[in-house]
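Inspection log for the structure reproduced underneath, given as structure tokens.
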Amino acid sequence: MTRRLTDHSVLTFDCYGTLIDWETGIWDAFQPLLAENPPTGLQRDALIAAFNYLEAEQQSAAPTMSCPTVLECVHRALAEGLDLKTSPTLDHAFGASVPSWPAFPDSSDSLNFLSEHFRLVILSNVDRAGFAASNTLLGVEFDTVYTAEDIGSYKPDPSNFEYLIEHVESDLGYGKSDILHTAQGIRHDQIPARAIGLANAWIDRTRLSETGMAGLPEIDHIFFSMAEMAAAVKTEVTSR
């Protein structure tokens with residue numbers, strides 16, 4: 001039986017897609033490249049899909065490569081694949097774009113409320129500097145932060161989740177059963193988190209759960225926003 005949200009002591013979060021609107025950030029960061037080239041008719045969804053594919057390839061091929069360098073390589077590869085003219089300056093600017101990616105409007109207030117009832121932890125595929133910049137937008141102090149830079153691999157590698165479990169225990173004193181992993185991404189987070197035995201909450205911002213999507217892992221809790229999750233916690237707290 002699925003446990004109540006407040007039966008857990010630690011909320012571990014993916015950041016980009018869950019708390020930070022990375023798709024808007026990526027789309028905006030590609031605009032200088034598109035402006036330097038003739039109109040391509042490339043739509044946002046197609047560009048995001050191409051980015052996702054190339055990023056996954058690059059992270060798998062070079063798991064210890066820094067996030068900014070991964071983004072540079074993906075920008076260059078996408079430009080080449082679309083026959084667009086790029087430059088080292090444009091590639092570098094894209095690689096350095098993480099701090100400009102916006103937070104979802106409900107992230108800060110929701111996290112600040114949740115921090116009153118849980119220990120908060122980040123498990124992210126960026127580097128520490130990139131997350132630190134994003135955290136200024138989130139406006140909450142996380143109890144600890146684990147990044148791909150710390151771990152030496154990128155989600156969905158199981159090593160990232162093994163590291164998370166081990167370090168939540170050694171750093172905060174909580175075991176695996178105390179953790180509720182909270183994320184938007186299916187491939188990067190929900191599937192590997194469930195495979196390793198973590199309870200999970202899906203922040204389904206695009207409502208994929210309503211489409212009959214195949215291949216979903218078992219999900220303990222589904223919310224369509226961080227605000228909805230925070231409201232559910234508030235209901236549990238006030239009903240006790």
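To be explicit about the labels: the chains of the structure tokens are called A, B, and onward in the order shown, and within each one the residues are counted from 1, while ligands get numbers from 1 in the order they are shown.
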Proximity check stretch 2-100 of chain A to stretch 210-229 of chain A, 8 Å, nearest pairs one decimal Å, only C-alpha atoms, as a Markdown table:
```
| residue | atom | partner | partner_atom | distance |
| --- | --- | --- | --- | --- |
| A:Thr2 | CA | A:Asp220 | CA | 5.8 |
| A:Arg3 | CA | A:Asp220 | CA | 7.9 |
| A:Thr18 | CA | A:Met226 | CA | 7.9 |
| A:Leu19 | CA | A:Met226 | CA | 7.8 |
```
* To do: Tell me, as a list in words, which residues lie within 6 Å of stretch 6-14 of chain A, counting only C-alpha atoms; anything in the same chain fewer than 2 positions away does not count.
  =>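 Those residues are Arg4, Phe118, Arg119, Leu120, Val121, Ile122, Leu123, Ser124, Asp178, Ile179, Leu180, His181, Thr182 and Ala183 of chain A.
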Export N, CA, C and O atoms of the chosen residues as an mmCIF file, in the first residue's frame?
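That gives us out-v4.cif:
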```
data_model
loop_
_atom_site.group_PDB
_atom_site.id
_atom_site.type_symbol
_atom_site.label_atom_id
_atom_site.label_comp_id
_atom_site.auth_asym_id
_atom_site.auth_seq_id
_atom_site.Cartn_x
_atom_site.Cartn_y
_atom_site.Cartn_z
ATOM 1 N N ARG A 4 1.517 7.472 3.047
ATOM 2 C CA ARG A 4 1.216 8.891 2.992
ATOM 3 C C ARG A 4 2.489 9.677 2.715
ATOM 4 O O ARG A 4 3.597 9.229 3.014
ATOM 5 N N PHE A 118 9.904 18.407 5.819
ATOM 6 C CA PHE A 118 10.813 17.387 5.297
ATOM 7 C C PHE A 118 12.229 17.938 5.220
ATOM 8 O O PHE A 118 12.436 19.152 5.151
ATOM 9 N N ARG A 119 13.187 17.036 5.176
ATOM 10 C CA ARG A 119 14.532 17.401 4.731
ATOM 11 C C ARG A 119 14.500 17.397 3.201
ATOM 12 O O ARG A 119 13.915 16.489 2.584
ATOM 13 N N LEU A 120 15.125 18.383 2.589
ATOM 14 C CA LEU A 120 15.092 18.543 1.138
ATOM 15 C C LEU A 120 16.473 18.287 0.535
ATOM 16 O O LEU A 120 17.472 18.844 1.008
ATOM 17 N N VAL A 121 16.502 17.485 -0.521
ATOM 18 C CA VAL A 121 17.753 17.067 -1.157
ATOM 19 C C VAL A 121 17.610 17.195 -2.670
ATOM 20 O O VAL A 121 16.546 16.892 -3.226
ATOM 21 N N ILE A 122 18.667 17.620 -3.321
ATOM 22 C CA ILE A 122 18.716 17.692 -4.789
ATOM 23 C C ILE A 122 19.568 16.564 -5.336
ATOM 24 O O ILE A 122 20.664 16.280 -4.824
ATOM 25 N N LEU A 123 19.077 15.904 -6.403
ATOM 26 C CA LEU A 123 19.862 14.960 -7.196
ATOM 27 C C LEU A 123 19.759 15.426 -8.642
ATOM 28 O O LEU A 123 18.732 15.218 -9.295
ATOM 29 N N SER A 124 20.815 16.060 -9.149
ATOM 30 C CA SER A 124 20.714 16.743 -10.438
ATOM 31 C C SER A 124 21.828 16.353 -11.394
ATOM 32 O O SER A 124 22.937 16.012 -10.980
ATOM 33 N N ASP A 178 12.944 6.127 4.149
ATOM 34 C CA ASP A 178 12.548 7.487 4.548
ATOM 35 C C ASP A 178 12.435 8.434 3.357
ATOM 36 O O ASP A 178 11.918 9.548 3.492
ATOM 37 N N ILE A 179 12.932 8.006 2.191
ATOM 38 C CA ILE A 179 13.055 8.892 1.024
ATOM 39 C C ILE A 179 11.831 8.786 0.122
ATOM 40 O O ILE A 179 11.344 7.682 -0.170
ATOM 41 N N LEU A 180 11.367 9.938 -0.359
ATOM 42 C CA LEU A 180 10.382 9.998 -1.441
ATOM 43 C C LEU A 180 11.030 10.773 -2.581
ATOM 44 O O LEU A 180 11.269 11.983 -2.453
ATOM 45 N N HIS A 181 11.351 10.077 -3.673
ATOM 46 C CA HIS A 181 12.005 10.748 -4.794
ATOM 47 C C HIS A 181 10.955 11.430 -5.653
ATOM 48 O O HIS A 181 9.982 10.812 -6.097
ATOM 49 N N THR A 182 11.160 12.706 -5.901
ATOM 50 C CA THR A 182 10.153 13.566 -6.522
ATOM 51 C C THR A 182 10.718 14.160 -7.801
ATOM 52 O O THR A 182 11.740 14.840 -7.766
ATOM 53 N N ALA A 183 10.054 13.890 -8.932
ATOM 54 C CA ALA A 183 10.629 14.315 -10.210
ATOM 55 C C ALA A 183 9.569 14.343 -11.292
ATOM 56 O O ALA A 183 8.535 13.679 -11.203
#
```
* atom CA of A:Ala29 to atom CA of A:Gly41, straight-line distance in Å ->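 Result for atom CA of A:Gly41 versus atom CA of A:Ala29: 16.8 Å, one decimal.
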Which residues of stretch 114-208 of chain A sit at most 8 Å from stretch 56-78 of chain A, using only C-alpha atoms? Give each one's shortest atom pair and distance in Å (one decimal place), in chain and ascending residue order, as a Markdown table.
```
| residue | atom | partner | partner_atom | distance |
| --- | --- | --- | --- | --- |
| A:Asn125 | CA | A:Cys67 | CA | 7.4 |
| A:Val126 | CA | A:Cys67 | CA | 5.3 |
| A:Asp127 | CA | A:Cys67 | CA | 5.9 |
| A:Ala148 | CA | A:Thr64 | CA | 7.9 |
| A:Glu149 | CA | A:Ser66 | CA | 6.6 |
| A:Gly152 | CA | A:Thr64 | CA | 5.0 |
| A:Ser153 | CA | A:Pro63 | CA | 4.6 |
| A:Tyr154 | CA | A:Pro63 | CA | 6.1 |
```
Print the selection's residues with N, CA, C and O atoms to a file, as a PDB file, in the first residue's frame.
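After the write, again-v3.pdb holds the following:
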```pdb
ATOM      1  N   ASN A 125      21.520  16.486 -12.688  1.00  0.00           N
ATOM      2  CA  ASN A 125      22.493  16.200 -13.737  1.00  0.00           C
ATOM      3  C   ASN A 125      23.355  17.398 -14.112  1.00  0.00           C
ATOM      4  O   ASN A 125      24.126  17.311 -15.067  1.00  0.00           O
ATOM      5  N   VAL A 126      23.238  18.513 -13.412  1.00  0.00           N
ATOM      6  CA  VAL A 126      24.125  19.638 -13.709  1.00  0.00           C
ATOM      7  C   VAL A 126      25.321  19.594 -12.770  1.00  0.00           C
ATOM      8  O   VAL A 126      25.505  18.662 -11.996  1.00  0.00           O
ATOM      9  N   ASP A 127      26.166  20.644 -12.863  1.00  0.00           N
ATOM     10  CA  ASP A 127      27.298  20.753 -11.944  1.00  0.00           C
ATOM     11  C   ASP A 127      26.906  21.642 -10.768  1.00  0.00           C
ATOM     12  O   ASP A 127      25.833  22.231 -10.729  1.00  0.00           O
ATOM     13  N   ALA A 148      25.806  15.543 -10.791  1.00  0.00           N
ATOM     14  CA  ALA A 148      26.602  14.662 -11.647  1.00  0.00           C
ATOM     15  C   ALA A 148      28.088  14.927 -11.480  1.00  0.00           C
ATOM     16  O   ALA A 148      28.912  14.008 -11.595  1.00  0.00           O
ATOM     17  N   GLU A 149      28.443  16.166 -11.190  1.00  0.00           N
ATOM     18  CA  GLU A 149      29.849  16.513 -10.944  1.00  0.00           C
ATOM     19  C   GLU A 149      30.391  15.747  -9.735  1.00  0.00           C
ATOM     20  O   GLU A 149      31.536  15.276  -9.741  1.00  0.00           O
ATOM     21  N   GLY A 152      30.073  11.592 -10.818  1.00  0.00           N
ATOM     22  CA  GLY A 152      30.877  11.094 -11.932  1.00  0.00           C
ATOM     23  C   GLY A 152      30.081  10.345 -12.964  1.00  0.00           C
ATOM     24  O   GLY A 152      30.646   9.609 -13.788  1.00  0.00           O
ATOM     25  N   SER A 153      28.760  10.518 -12.943  1.00  0.00           N
ATOM     26  CA  SER A 153      27.897   9.928 -13.964  1.00  0.00           C
ATOM     27  C   SER A 153      26.603  10.723 -13.989  1.00  0.00           C
ATOM     28  O   SER A 153      26.326  11.533 -13.101  1.00  0.00           O
ATOM     29  N   TYR A 154      25.822  10.481 -15.026  1.00  0.00           N
ATOM     30  CA  TYR A 154      24.561  11.190 -15.220  1.00  0.00           C
ATOM     31  C   TYR A 154      23.380  10.242 -15.051  1.00  0.00           C
ATOM     32  O   TYR A 154      23.446   9.075 -15.456  1.00  0.00           O
TER      33      TYR A 154
END
```
I'd like the contact shell of A:Leu90 - 10 Å cut-off, only C-alpha atoms, skipping same-chain residues fewer than 3 positions apart - returned as an mmCIF file with all heavy atoms, in the first residue's frame.
```
data_model
loop_
_atom_site.group_PDB
_atom_site.id
_atom_site.type_symbol
_atom_site.label_atom_id
_atom_site.label_comp_id
_atom_site.auth_asym_id
_atom_site.auth_seq_id
_atom_site.Cartn_x
_atom_site.Cartn_y
_atom_site.Cartn_z
ATOM 1 N N ALA A 29 17.811 29.600 -25.060
ATOM 2 C CA ALA A 29 19.255 29.567 -25.277
ATOM 3 C C ALA A 29 19.624 29.220 -26.718
ATOM 4 O O ALA A 29 20.732 29.526 -27.171
ATOM 5 C CB ALA A 29 19.900 28.571 -24.315
ATOM 6 N N PHE A 30 18.706 28.584 -27.451
ATOM 7 C CA PHE A 30 18.954 28.273 -28.855
ATOM 8 C C PHE A 30 18.668 29.466 -29.779
ATOM 9 O O PHE A 30 19.029 29.429 -30.959
ATOM 10 C CB PHE A 30 18.104 27.084 -29.303
ATOM 11 C CG PHE A 30 18.771 25.749 -29.146
ATOM 12 C CD1 PHE A 30 18.241 24.777 -28.305
ATOM 13 C CD2 PHE A 30 19.936 25.449 -29.838
ATOM 14 C CE1 PHE A 30 18.850 23.551 -28.156
ATOM 15 C CE2 PHE A 30 20.555 24.225 -29.700
ATOM 16 C CZ PHE A 30 20.013 23.271 -28.852
ATOM 17 N N PRO A 32 19.935 32.530 -30.185
ATOM 18 C CA PRO A 32 21.059 33.147 -30.916
ATOM 19 C C PRO A 32 21.510 32.338 -32.122
ATOM 20 O O PRO A 32 21.839 32.913 -33.167
ATOM 21 C CB PRO A 32 22.155 33.238 -29.851
ATOM 22 C CG PRO A 32 21.403 33.352 -28.571
ATOM 23 C CD PRO A 32 20.216 32.449 -28.742
ATOM 24 N N LEU A 33 21.524 31.001 -32.000
ATOM 25 C CA LEU A 33 21.884 30.152 -33.139
ATOM 26 C C LEU A 33 20.864 30.306 -34.251
ATOM 27 O O LEU A 33 21.236 30.469 -35.432
ATOM 28 C CB LEU A 33 21.965 28.692 -32.698
ATOM 29 C CG LEU A 33 22.204 27.674 -33.823
ATOM 30 C CD1 LEU A 33 23.604 27.828 -34.399
ATOM 31 C CD2 LEU A 33 21.982 26.244 -33.303
ATOM 32 N N GLU A 36 21.141 33.504 -36.202
ATOM 33 C CA GLU A 36 22.306 33.608 -37.080
ATOM 34 C C GLU A 36 22.130 32.848 -38.389
ATOM 35 O O GLU A 36 23.007 32.883 -39.252
ATOM 36 C CB GLU A 36 23.554 33.070 -36.356
ATOM 37 C CG GLU A 36 24.095 33.972 -35.262
ATOM 38 C CD GLU A 36 24.712 35.238 -35.821
ATOM 39 O OE1 GLU A 36 25.392 35.167 -36.859
ATOM 40 O OE2 GLU A 36 24.492 36.308 -35.226
ATOM 41 N N GLU A 72 27.686 22.418 -24.569
ATOM 42 C CA GLU A 72 28.419 22.946 -25.729
ATOM 43 C C GLU A 72 28.442 21.919 -26.855
ATOM 44 O O GLU A 72 28.184 22.250 -28.025
ATOM 45 C CB GLU A 72 29.857 23.292 -25.332
ATOM 46 C CG GLU A 72 30.019 24.567 -24.552
ATOM 47 C CD GLU A 72 31.485 24.958 -24.410
ATOM 48 O OE1 GLU A 72 32.219 24.875 -25.424
ATOM 49 O OE2 GLU A 72 31.895 25.340 -23.293
ATOM 50 N N HIS A 75 25.015 21.522 -28.457
ATOM 51 C CA HIS A 75 24.702 22.678 -29.304
ATOM 52 C C HIS A 75 25.404 22.552 -30.660
ATOM 53 O O HIS A 75 24.795 22.749 -31.711
ATOM 54 C CB HIS A 75 25.134 23.953 -28.584
ATOM 55 C CG HIS A 75 24.732 25.222 -29.273
ATOM 56 N ND1 HIS A 75 25.556 25.869 -30.176
ATOM 57 C CD2 HIS A 75 23.603 25.969 -29.193
ATOM 58 C CE1 HIS A 75 24.948 26.963 -30.606
ATOM 59 N NE2 HIS A 75 23.766 27.046 -30.030
ATOM 60 N N ARG A 76 26.668 22.193 -30.624
ATOM 61 C CA ARG A 76 27.436 22.056 -31.861
ATOM 62 C C ARG A 76 26.898 20.912 -32.712
ATOM 63 O O ARG A 76 26.735 21.047 -33.937
ATOM 64 C CB ARG A 76 28.908 21.829 -31.520
ATOM 65 C CG ARG A 76 29.837 21.775 -32.730
ATOM 66 C CD ARG A 76 31.297 21.914 -32.321
ATOM 67 N NE ARG A 76 31.680 20.960 -31.293
ATOM 68 C CZ ARG A 76 31.943 21.279 -30.022
ATOM 69 N NH1 ARG A 76 31.859 22.533 -29.609
ATOM 70 N NH2 ARG A 76 32.302 20.344 -29.155
ATOM 71 N N LYS A 85 24.889 27.172 -39.198
ATOM 72 C CA LYS A 85 26.212 27.708 -38.924
ATOM 73 C C LYS A 85 26.302 28.127 -37.463
ATOM 74 O O LYS A 85 25.526 28.945 -36.986
ATOM 75 C CB LYS A 85 26.487 28.917 -39.823
ATOM 76 C CG LYS A 85 27.881 29.509 -39.635
ATOM 77 C CD LYS A 85 28.083 30.696 -40.549
ATOM 78 C CE LYS A 85 29.470 31.307 -40.343
ATOM 79 N NZ LYS A 85 29.678 32.497 -41.217
ATOM 80 N N THR A 86 27.268 27.546 -36.749
ATOM 81 C CA THR A 86 27.499 27.919 -35.360
ATOM 82 C C THR A 86 28.928 28.430 -35.210
ATOM 83 O O THR A 86 29.648 28.603 -36.195
ATOM 84 C CB THR A 86 27.220 26.738 -34.407
ATOM 85 O OG1 THR A 86 27.277 27.203 -33.050
ATOM 86 C CG2 THR A 86 28.196 25.596 -34.602
ATOM 87 N N SER A 87 29.337 28.687 -33.987
ATOM 88 C CA SER A 87 30.688 29.184 -33.702
ATOM 89 C C SER A 87 31.047 28.789 -32.281
ATOM 90 O O SER A 87 30.155 28.497 -31.464
ATOM 91 C CB SER A 87 30.734 30.708 -33.830
ATOM 92 O OG SER A 87 29.973 31.321 -32.795
ATOM 93 N N ALA A 93 28.307 29.984 -25.168
ATOM 94 C CA ALA A 93 27.206 30.711 -24.528
ATOM 95 C C ALA A 93 26.066 29.757 -24.179
ATOM 96 O O ALA A 93 25.448 29.869 -23.111
ATOM 97 C CB ALA A 93 26.714 31.821 -25.442
ATOM 98 N N PHE A 94 25.783 28.813 -25.073
ATOM 99 C CA PHE A 94 24.755 27.829 -24.789
ATOM 100 C C PHE A 94 25.150 26.972 -23.593
ATOM 101 O O PHE A 94 24.330 26.697 -22.701
ATOM 102 C CB PHE A 94 24.505 26.952 -26.011
ATOM 103 C CG PHE A 94 23.376 25.988 -25.849
ATOM 104 C CD1 PHE A 94 22.075 26.387 -26.120
ATOM 105 C CD2 PHE A 94 23.595 24.691 -25.422
ATOM 106 C CE1 PHE A 94 21.011 25.502 -25.965
ATOM 107 C CE2 PHE A 94 22.545 23.798 -25.272
ATOM 108 C CZ PHE A 94 21.250 24.212 -25.543
ATOM 109 N N GLY A 95 26.402 26.564 -23.546
ATOM 110 C CA GLY A 95 26.889 25.750 -22.438
ATOM 111 C C GLY A 95 26.798 26.457 -21.097
ATOM 112 O O GLY A 95 26.664 25.811 -20.054
ATOM 113 N N ALA A 96 26.859 27.772 -21.133
ATOM 114 C CA ALA A 96 26.824 28.569 -19.900
ATOM 115 C C ALA A 96 25.429 29.078 -19.573
ATOM 116 O O ALA A 96 25.271 29.956 -18.717
ATOM 117 C CB ALA A 96 27.782 29.752 -20.033
#
```
* Pick out each residue of stretch 40-168 of chain A that DSSP on the backbone tags as alpha helix (DSSP H); I need them as JSON, numbers by chain. => {"A": [44, 45, 46, 47, 48, 49, 50, 51, 52, 53, 54, 55, 56, 57, 58, 59, 60, 61, 67, 68, 69, 70, 71, 72, 73, 74, 75, 76, 77, 78, 79, 80, 81, 88, 89, 90, 91, 92, 93, 94, 95, 107, 108, 109, 110, 111, 112, 113, 114, 128, 129, 130, 131, 132, 133, 134, 135, 136, 137, 138, 148, 149, 150, 151, 158, 159, 160, 161, 162, 163, 164, 165, 166, 167, 168]}
* Asked: Which of stretch 61-219 of chain A counts as strand (DSSP E) under DSSP, as a ChimeraX atom specification please?
  -> /A:119-124,144-147,179-183,199-203
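In terms of minimum interatomic distance to A:Thr144, A:Val168 ranks closest within A:Ala129, A:Leu208, A:Val168, A:Leu84, counting only C-alpha atoms.
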* **Neighbour list for A:Ala193 as a list of chain:residue names, cut-off 9 Å, only C-alpha atoms, skip fewer than 4 positions in-chain** => A:Pro156, A:Pro158, A:Phe161, A:His181, A:His188, A:Asp189, A:Gly197, A:Leu198, A:Ala199, A:Asn200
Written file, previous selection with N, CA, C and O atoms, as a tab-separated table (two decimals), in the first residue's frame:
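Saved result, selection20.tsv, follows:
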```tsv
chain	number	residue	atom	x	y	z
A	156	PRO	N	20.15	8.54	-16.23
A	156	PRO	CA	19.56	7.52	-15.36
A	156	PRO	C	20.50	6.43	-14.87
A	156	PRO	O	20.02	5.36	-14.46
A	158	PRO	N	22.22	3.96	-12.67
A	158	PRO	CA	21.86	3.54	-11.31
A	158	PRO	C	22.83	4.05	-10.25
A	158	PRO	O	22.44	4.20	-9.08
A	161	PHE	N	21.63	6.96	-8.17
A	161	PHE	CA	20.63	6.67	-7.13
A	161	PHE	C	21.25	5.89	-5.98
A	161	PHE	O	20.85	6.07	-4.82
A	181	HIS	N	11.35	10.08	-3.67
A	181	HIS	CA	12.01	10.75	-4.79
A	181	HIS	C	10.96	11.43	-5.65
A	181	HIS	O	9.98	10.81	-6.10
A	188	HIS	N	14.87	9.66	-16.83
A	188	HIS	CA	16.00	10.03	-15.98
A	188	HIS	C	15.77	9.73	-14.50
A	188	HIS	O	16.74	9.52	-13.76
A	189	ASP	N	14.51	9.75	-14.06
A	189	ASP	CA	14.26	9.68	-12.62
A	189	ASP	C	13.29	8.58	-12.19
A	189	ASP	O	13.63	7.76	-11.35
A	197	GLY	N	14.14	0.73	-5.82
A	197	GLY	CA	13.28	0.52	-4.67
A	197	GLY	C	12.88	1.75	-3.91
A	197	GLY	O	12.43	1.65	-2.76
A	198	LEU	N	13.01	2.92	-4.53
A	198	LEU	CA	12.61	4.16	-3.87
A	198	LEU	C	11.12	4.42	-4.08
A	198	LEU	O	10.59	4.18	-5.16
A	199	ALA	N	10.45	4.93	-3.05
A	199	ALA	CA	9.12	5.48	-3.23
A	199	ALA	C	9.23	6.71	-4.11
A	199	ALA	O	10.26	7.40	-4.11
A	200	ASN	N	8.17	7.02	-4.86
A	200	ASN	CA	8.30	8.10	-5.84
A	200	ASN	C	7.04	8.93	-5.96
A	200	ASN	O	5.92	8.46	-5.74
```
* Among listed residues A:Cys15, A:Ala79, A:Leu34, A:Leu172, nearest A:Leu137 (using only C-alpha atoms) -> A:Cys15
